[in-house]
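In what follows, a structure is listed as structure tokens, so that the remarks can point back to it.
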Amino acid sequence: MSISLLASIGGLTTVGLYLITARSLSRIILGFSLLGHAAVLSLLVAGGPPAAAPIAGGDAPIANPLPQALALTAIVISFGLTLFLLALAARQQALTGDDLVEDDLEDQRIAASSNEEDRSAAAST
Amino acid sequence: MTALLAITIIAPLLAATIGLGVRTRTAVRDAITIAGLAAAAGSAIALLVGVAQNGTVVVRVGGWNPELGIVLVADLFAALALPVALTIVLVVEIFAIGQRRTAWGANPELAGPLLGVLTAGVSLAFLTGDLFTLFVAFEMILVSSYVLLTHQGQRAQIRSGMTYVSMNLLASTLFLFGLAFVYAATGTVNIALLAERIPELSSGVRLGIGAWFFVVFGTKAAVFPLFSWLPDSYPTAPTTITAVFAGLLTKIGIYSMIRFHTLMGMDELGPIFLIVAGVTMIVGALGALAQSNVKRILSFHIVSQIGYMLMGLGLFSAAGTTGAILFLIHHMPVKTVLFLVGGLIENDQGTSSLERSGGLASRRPLIAALFAVPAMSLAGLPPFSGFVAKFAVISAGIEAASTPIVVAALLAGALTLLSMTKIWLGVFWGPQNEDVTPVPTAVGNRRTMQFATGLAVAGTLTISVFAGTLFDLSQEAAENLRTPTNYIEEVQS
């Protein structure tokens, strides 16, 4: 198991997780791209040591092709999703002028009304 | 028999593809969508009959060895859940055809075909025999749900869509990491082979994998504390979309959990499951009480009810798993119907806010009746299906002598009844609100919507009529899951 691969997975995961905690959707998208790379690299690591291309009939030991097939599928899916998120960010930009993730409006309303109740209860005592 | 498995996946997908091609020709597109969904639902029912009589059906796609290729497995558990789910989608599509000419309807050119893709994903998720295909099925479901949720591009939808997509994408990425861990530990992603190899791993690795997948499936299923995306996003979508999401999406998470954690024998995780289940029930029910909009109340109840299924699973006993399966089957149609009734209410008074409605029972007694049956079922009153399901789960809890979780379940049941009463008082009783602005709807369309809702209510009643048979089947399905040797042999032979 290669240390450099493991270190890359660790680094990508750290930066990716940091980015997806941001409020701005463009940072979240970058974060998901990095996390996706980390996940694909861990699939590769899971496939065992590097070896020759997996073509039937050769003498040399071949690399395990299954995780590579899984990784390929995962890459294609993450391509599509990144595009969708970008479209979402563009739409938010068109509607509000920025791409920040907003709070749940209904929750804010309930929180505000419960604060009001607290205040009026305090005033009456 | 093997063809039936393929039809449940291919028919909706094919209908979606053709439907997108002819999306501007309303009648043709609708006919194709309905035909695709009906073919899938019909095959699923035939499959259930076949599996109940002759046992598990296994298909090796492309004839590959299960270690390398994709296998589809219709065991009793999958065969029980599949017809319920596919019938729901069919009913909702009929409702959507009635609703579309109103301002509340989804864009029919996209919604019909995308519903087909989602349905194919649901069938694949139920039938798949390997974890990676489960990941792909999740992505099929989620990608179509992302588009369905946001395709109208309104501000509230984009706002909640951002949270919804980010949360689910994070869960999917964690799923991918989990697949890498599982492959590194066992050298396979086939569920039958995993059921053989995972119990042989050291307990640290085994429970680590179990806990990791609990987080992955738990996010999809919206368990505490990973549920906050759900009540925020579901109410913003058009009613028909919300109804399908509410009935199916979180249930796929629970389904995967029941399959994975029971087959892999993760009994040691039981106490954690039970704690999470108890908190999920109570928090969901309390959250619902605080809301003042029909769709938001119902969304919080999805969270609360997930707790019951998790409780059945977390008991890791034959009775508990039976209860969880029965609850899953009861919950899917009931939740969908309630959202469809929410759609009827919205249509009739232009809002689903409790404060701005009232007196609907005298004006529209049919809607009131259509609401009352599933609401009482959700609260678990006899003789409705909810009572049977809750009774099975709670008696399993008593059998296992887990007092705290039983108390939590009873308390959450009372709170559910309370918030259903709140909807009843707010919407159906009291004086009629003066400034009601009904959504203009043609009589024919309203009849179609009411017909679809009535059909779904009849479906939930059928479940309570056949409760005995369903209980026996669930018991058998639970036994099969708890003794994985049958499953392993069927897939490998």
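We label chains A, B, ... in the order they appear in the structure tokens, count residues from 1 in each chain, and number ligands from 1 in the order shown.
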
Need the shell around Ala375 in chain B: protein/DNA/RNA residues with any atom at most 9 Å away, counting only C-alpha atoms. Skip same-chain ones fewer than 3 positions apart. Format as a ChimeraX atom specification? /B:334-335,338,370-372,378-380,417,420-421

Would you write out those residues with C-alpha atoms, as a PDB file, in the first residue's frame?
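Wrote out.pdb, looks like this:
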ATOM      1  CA  VAL B 334     -50.120   5.854   4.106  1.00  0.00           C
ATOM      2  CA  LYS B 335     -47.541   8.626   3.880  1.00  0.00           C
ATOM      3  CA  LEU B 338     -51.533  11.980   3.311  1.00  0.00           C
ATOM      4  CA  LEU B 370     -59.891  10.817   2.533  1.00  0.00           C
ATOM      5  CA  PHE B 371     -57.744  12.512   5.181  1.00  0.00           C
ATOM      6  CA  ALA B 372     -59.307  10.817   8.210  1.00  0.00           C
ATOM      7  CA  LEU B 378     -50.602   6.920  10.838  1.00  0.00           C
ATOM      8  CA  ALA B 379     -51.479   7.505  14.483  1.00  0.00           C
ATOM      9  CA  GLY B 380     -51.860   3.738  14.912  1.00  0.00           C
ATOM     10  CA  LEU B 417     -52.335  11.584  17.235  1.00  0.00           C
ATOM     11  CA  MET B 420     -53.145  14.804  13.322  1.00  0.00           C
ATOM     12  CA  THR B 421     -55.835  16.371  15.541  1.00  0.00           C
TER      13      THR B 421
END

At a cut-off of 9 Å, list the chain A residues touching chain B, using only C-alpha atoms, as number ranges by chain. A: 20, 25, 28-29, 32, 35-36, 38-48, 66-67, 70, 73-74, 77, 80-81, 84-85, 88-89, 91-92, 95-96, 100-107, 110

Counting only C-alpha atoms, the residue of B:Thr87, B:Asn347, B:Gln432, B:Asn168 that sits nearest Ile367 in chain B: B:Asn347

Given only C-alpha atoms as the basis, pick out the residue of B:Pro431, B:Pro382, B:Gly36, B:Pro225 nearest to Leu13 in chain B. B:Gly36

Could you check which of B:Phe466, B:Phe245, B:Phe428, B:Tyr164 is closest to His330 in chain B, using only C-alpha atoms?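 Of B:Phe466, B:Phe245, B:Phe428, B:Tyr164, the one nearest His330 in chain B, counting only C-alpha atoms, is B:Phe466.
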
Might you pull out every residue within 7 Å of Val59 in chain B, with only C-alpha atoms counted and same-chain residues fewer than 4 positions away left off, and present them as number ranges by chain? B: 2, 71-73

Export, as a compact mmCIF listing (two decimals), in the first residue's frame, the selected residues with N, CA and C atoms.
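File produced: result_7.txt:
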# COMPACT_ATOMS: atom_id res chain seq x y z
N THR B 2 -37.78 -14.91 -14.31
CA THR B 2 -36.63 -14.02 -14.34
C THR B 2 -36.91 -12.76 -15.16
N VAL B 71 -25.78 -9.19 -9.85
CA VAL B 71 -26.88 -10.14 -9.68
C VAL B 71 -28.10 -9.41 -9.18
N LEU B 72 -29.26 -9.81 -9.66
CA LEU B 72 -30.52 -9.30 -9.12
C LEU B 72 -31.14 -10.43 -8.31
N VAL B 73 -31.54 -10.12 -7.08
CA VAL B 73 -32.08 -11.14 -6.20
C VAL B 73 -33.46 -10.71 -5.71

Write out as a PyMOL selection string all residues of range 182-291 of chain B that DSSP puts in alpha helix (DSSP H) for this structure's backbone. chain B and resi 182-186+191-197+203-221+229-233+239-244+250-263+270-290

At a cut-off of 9 Å, using only C-alpha atoms, what residues contact Phe316 in chain B? Leave out same-chain residues fewer than 6 positions from it and give the result as number ranges by chain. B: 262, 265-268, 270, 482

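Atom to atom, CA of Ile297 in chain B and CA of Glu93 in chain B stand 23.4 Å apart.
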
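The interatomic distance for the pair CA of Thr462 in chain B and CA of Leu313 in chain B works out to 24.8 Å.
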
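Residue nearest Gly31 in chain A, chosen from A:Pro49, A:Ala63, A:Thr82, A:Gly10 and counting only C-alpha atoms: A:Thr82.
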
Out of A:Ile55, A:Ile62, A:Ala69, A:Ile75, which residue has the shortest atom-to-atom distance to Leu34 in chain A when counting only C-alpha atoms?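 Checking each candidate against Leu34 in chain A, we get A:Ile75 as the closest.
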